[in-house]
Amino acid sequence: MSKPVILADLQAAFPEWTIWRSSTGRLWATRNRRLTGAQREQGLDQTVSDEDVHQLVEQLRHQDRLAAEAG
């Protein structure tokens with residue numbers, strides 16, 4: 001049996017995001033601040049989601065890398 005997802009742990013790991021689970025069980029994360037048009041053009045997303053916690057974490061890490069590269 002896999003370990004249950006603790007949203008507080010995800011939130012602590014990604015403080016720039018607000019993370020929640022929808023009523024359908026899908027995990028969502030949205031940035032705590034609005035992106036500029038230029039940031040969106042560089043591939044940053046305001047909100048990401050996935051049904052799998054590991055895939056969501058990969059998306060968040062990817063978004064954090066893109067944000068760091070964008071400056």
# chains A, B, ... in the order shown; residues from 1 in each chain; ligands from 1

$ residues_around --residues "stretch 8-20 of chain A" --least-positions-apart "4" --cutoff "7 Å" --atoms "only C-alpha atoms" --output "PyMOL selection string"
chain A and resi 27-32

$ write_last_selection --atoms "all heavy atoms" --output "PDB file, in the first residue's frame"
ATOM      1  N   LEU A  27      -5.160  16.255  -7.978  1.00  0.00           N
ATOM      2  CA  LEU A  27      -4.325  17.219  -7.252  1.00  0.00           C
ATOM      3  C   LEU A  27      -4.089  18.441  -8.126  1.00  0.00           C
ATOM      4  O   LEU A  27      -3.792  18.311  -9.323  1.00  0.00           O
ATOM      5  CB  LEU A  27      -2.984  16.592  -6.873  1.00  0.00           C
ATOM      6  CG  LEU A  27      -3.074  15.492  -5.836  1.00  0.00           C
ATOM      7  CD1 LEU A  27      -1.794  14.660  -5.835  1.00  0.00           C
ATOM      8  CD2 LEU A  27      -3.328  16.084  -4.472  1.00  0.00           C
ATOM      9  N   TRP A  28      -4.193  19.607  -7.521  1.00  0.00           N
ATOM     10  CA  TRP A  28      -4.000  20.873  -8.217  1.00  0.00           C
ATOM     11  C   TRP A  28      -3.003  21.732  -7.451  1.00  0.00           C
ATOM     12  O   TRP A  28      -2.918  21.653  -6.235  1.00  0.00           O
ATOM     13  CB  TRP A  28      -5.321  21.638  -8.284  1.00  0.00           C
ATOM     14  CG  TRP A  28      -6.342  20.990  -9.159  1.00  0.00           C
ATOM     15  CD1 TRP A  28      -7.188  19.978  -8.800  1.00  0.00           C
ATOM     16  CD2 TRP A  28      -6.618  21.292 -10.512  1.00  0.00           C
ATOM     17  NE1 TRP A  28      -7.979  19.648  -9.862  1.00  0.00           N
ATOM     18  CE2 TRP A  28      -7.649  20.433 -10.928  1.00  0.00           C
ATOM     19  CE3 TRP A  28      -6.098  22.201 -11.427  1.00  0.00           C
ATOM     20  CZ2 TRP A  28      -8.162  20.463 -12.215  1.00  0.00           C
ATOM     21  CZ3 TRP A  28      -6.628  22.235 -12.702  1.00  0.00           C
ATOM     22  CH2 TRP A  28      -7.643  21.368 -13.087  1.00  0.00           C
ATOM     23  N   ALA A  29      -2.299  22.582  -8.184  1.00  0.00           N
ATOM     24  CA  ALA A  29      -1.399  23.555  -7.575  1.00  0.00           C
ATOM     25  C   ALA A  29      -1.470  24.839  -8.390  1.00  0.00           C
ATOM     26  O   ALA A  29      -1.412  24.795  -9.629  1.00  0.00           O
ATOM     27  CB  ALA A  29       0.030  23.028  -7.539  1.00  0.00           C
ATOM     28  N   THR A  30      -1.604  25.947  -7.712  1.00  0.00           N
ATOM     29  CA  THR A  30      -1.623  27.235  -8.392  1.00  0.00           C
ATOM     30  C   THR A  30      -0.625  28.162  -7.698  1.00  0.00           C
ATOM     31  O   THR A  30      -0.441  28.092  -6.482  1.00  0.00           O
ATOM     32  CB  THR A  30      -3.042  27.843  -8.426  1.00  0.00           C
ATOM     33  OG1 THR A  30      -3.051  28.935  -9.345  1.00  0.00           O
ATOM     34  CG2 THR A  30      -3.509  28.299  -7.070  1.00  0.00           C
ATOM     35  N   ARG A  31       0.010  28.981  -8.487  1.00  0.00           N
ATOM     36  CA  ARG A  31       1.004  29.912  -7.926  1.00  0.00           C
ATOM     37  C   ARG A  31       0.334  30.921  -7.006  1.00  0.00           C
ATOM     38  O   ARG A  31      -0.808  31.299  -7.219  1.00  0.00           O
ATOM     39  CB  ARG A  31       1.731  30.644  -9.040  1.00  0.00           C
ATOM     40  CG  ARG A  31       2.607  29.736  -9.868  1.00  0.00           C
ATOM     41  CD  ARG A  31       3.309  30.543 -10.956  1.00  0.00           C
ATOM     42  NE  ARG A  31       3.986  29.644 -11.856  1.00  0.00           N
ATOM     43  CZ  ARG A  31       5.217  29.177 -11.689  1.00  0.00           C
ATOM     44  NH1 ARG A  31       5.901  29.547 -10.635  1.00  0.00           N
ATOM     45  NH2 ARG A  31       5.760  28.363 -12.569  1.00  0.00           N
ATOM     46  N   ASN A  32       1.087  31.358  -6.018  1.00  0.00           N
ATOM     47  CA  ASN A  32       0.573  32.352  -5.069  1.00  0.00           C
ATOM     48  C   ASN A  32       0.622  33.773  -5.625  1.00  0.00           C
ATOM     49  O   ASN A  32       0.147  34.696  -4.968  1.00  0.00           O
ATOM     50  CB  ASN A  32       1.360  32.285  -3.757  1.00  0.00           C
ATOM     51  CG  ASN A  32       1.103  30.988  -3.025  1.00  0.00           C
ATOM     52  OD1 ASN A  32       0.043  30.378  -3.151  1.00  0.00           O
ATOM     53  ND2 ASN A  32       2.084  30.536  -2.269  1.00  0.00           N
TER      54      ASN A  32
END

$ select_by_dssp --residues "chain A" --states "alpha helix (DSSP H)" --output "PyMOL selection string"
chain A and resi 7-13+37-41+53-70

$ residues_around --residues "stretch 52-66 of chain A" --least-positions-apart "4" --cutoff "8 Å" --atoms "only C-alpha atoms" --output "list in words"
Val5, Phe14, Arg26, Leu27, Trp28, Gln42, Gly43, Leu44, Asp45, Val48 and Ala70 of chain A

$ decode --residues "stretch 37-55 of chain A" --atoms "N, CA, C and O atoms" --output "short mmCIF file (atom, residue, chain, number, x, y, z; two decimals), in the first residue's frame"
data_model
loop_
_atom_site.label_atom_id
_atom_site.label_comp_id
_atom_site.auth_asym_id
_atom_site.auth_seq_id
_atom_site.Cartn_x
_atom_site.Cartn_y
_atom_site.Cartn_z
N GLY A 37 2.84 38.16 -18.74
CA GLY A 37 2.74 37.58 -20.08
C GLY A 37 4.08 37.01 -20.53
O GLY A 37 4.14 35.94 -21.14
N ALA A 38 5.16 37.72 -20.21
CA ALA A 38 6.50 37.25 -20.59
C ALA A 38 6.83 35.93 -19.90
O ALA A 38 7.44 35.04 -20.51
N GLN A 39 6.47 35.80 -18.64
CA GLN A 39 6.73 34.55 -17.92
C GLN A 39 5.94 33.39 -18.53
O GLN A 39 6.46 32.29 -18.68
N ARG A 40 4.70 33.64 -18.90
CA ARG A 40 3.89 32.59 -19.53
C ARG A 40 4.50 32.20 -20.88
O ARG A 40 4.50 31.03 -21.23
N GLU A 41 5.02 33.17 -21.60
CA GLU A 41 5.67 32.88 -22.89
C GLU A 41 6.91 32.02 -22.70
O GLU A 41 7.30 31.29 -23.61
N GLN A 42 7.54 32.10 -21.54
CA GLN A 42 8.73 31.30 -21.24
C GLN A 42 8.37 29.90 -20.75
O GLN A 42 9.24 29.13 -20.37
N GLY A 43 7.08 29.57 -20.73
CA GLY A 43 6.66 28.23 -20.37
C GLY A 43 6.15 28.06 -18.95
O GLY A 43 5.81 26.94 -18.55
N LEU A 44 6.11 29.14 -18.19
CA LEU A 44 5.59 29.03 -16.82
C LEU A 44 4.07 28.93 -16.85
O LEU A 44 3.41 29.58 -17.67
N ASP A 45 3.52 28.09 -15.99
CA ASP A 45 2.08 27.90 -15.88
C ASP A 45 1.59 28.48 -14.56
O ASP A 45 2.27 28.36 -13.54
N GLN A 46 0.41 29.07 -14.59
CA GLN A 46 -0.20 29.59 -13.37
C GLN A 46 -0.69 28.44 -12.49
O GLN A 46 -0.56 28.48 -11.27
N THR A 47 -1.26 27.42 -13.14
CA THR A 47 -1.84 26.28 -12.42
C THR A 47 -1.46 24.99 -13.13
O THR A 47 -1.44 24.95 -14.37
N VAL A 48 -1.15 23.96 -12.34
CA VAL A 48 -0.87 22.63 -12.88
C VAL A 48 -1.70 21.61 -12.10
O VAL A 48 -2.13 21.88 -10.98
N SER A 49 -1.91 20.44 -12.72
CA SER A 49 -2.67 19.40 -12.03
C SER A 49 -2.26 18.03 -12.53
O SER A 49 -1.70 17.90 -13.62
N ASP A 50 -2.55 17.03 -11.73
CA ASP A 50 -2.32 15.64 -12.12
C ASP A 50 -3.07 14.75 -11.14
O ASP A 50 -3.36 15.16 -10.02
N GLU A 51 -3.33 13.54 -11.57
CA GLU A 51 -3.97 12.56 -10.69
C GLU A 51 -2.95 11.85 -9.81
O GLU A 51 -3.30 11.31 -8.77
N ASP A 52 -1.68 11.88 -10.23
CA ASP A 52 -0.61 11.18 -9.54
C ASP A 52 0.28 12.18 -8.81
O ASP A 52 0.76 13.15 -9.41
N VAL A 53 0.51 11.97 -7.53
CA VAL A 53 1.29 12.91 -6.73
C VAL A 53 2.72 13.04 -7.26
O VAL A 53 3.27 14.14 -7.29
N HIS A 54 3.30 11.95 -7.72
CA HIS A 54 4.68 12.01 -8.21
C HIS A 54 4.77 12.85 -9.48
O HIS A 54 5.73 13.61 -9.66
N GLN A 55 3.76 12.73 -10.33
CA GLN A 55 3.74 13.53 -11.56
C GLN A 55 3.51 15.01 -11.24
O GLN A 55 4.10 15.89 -11.88
#
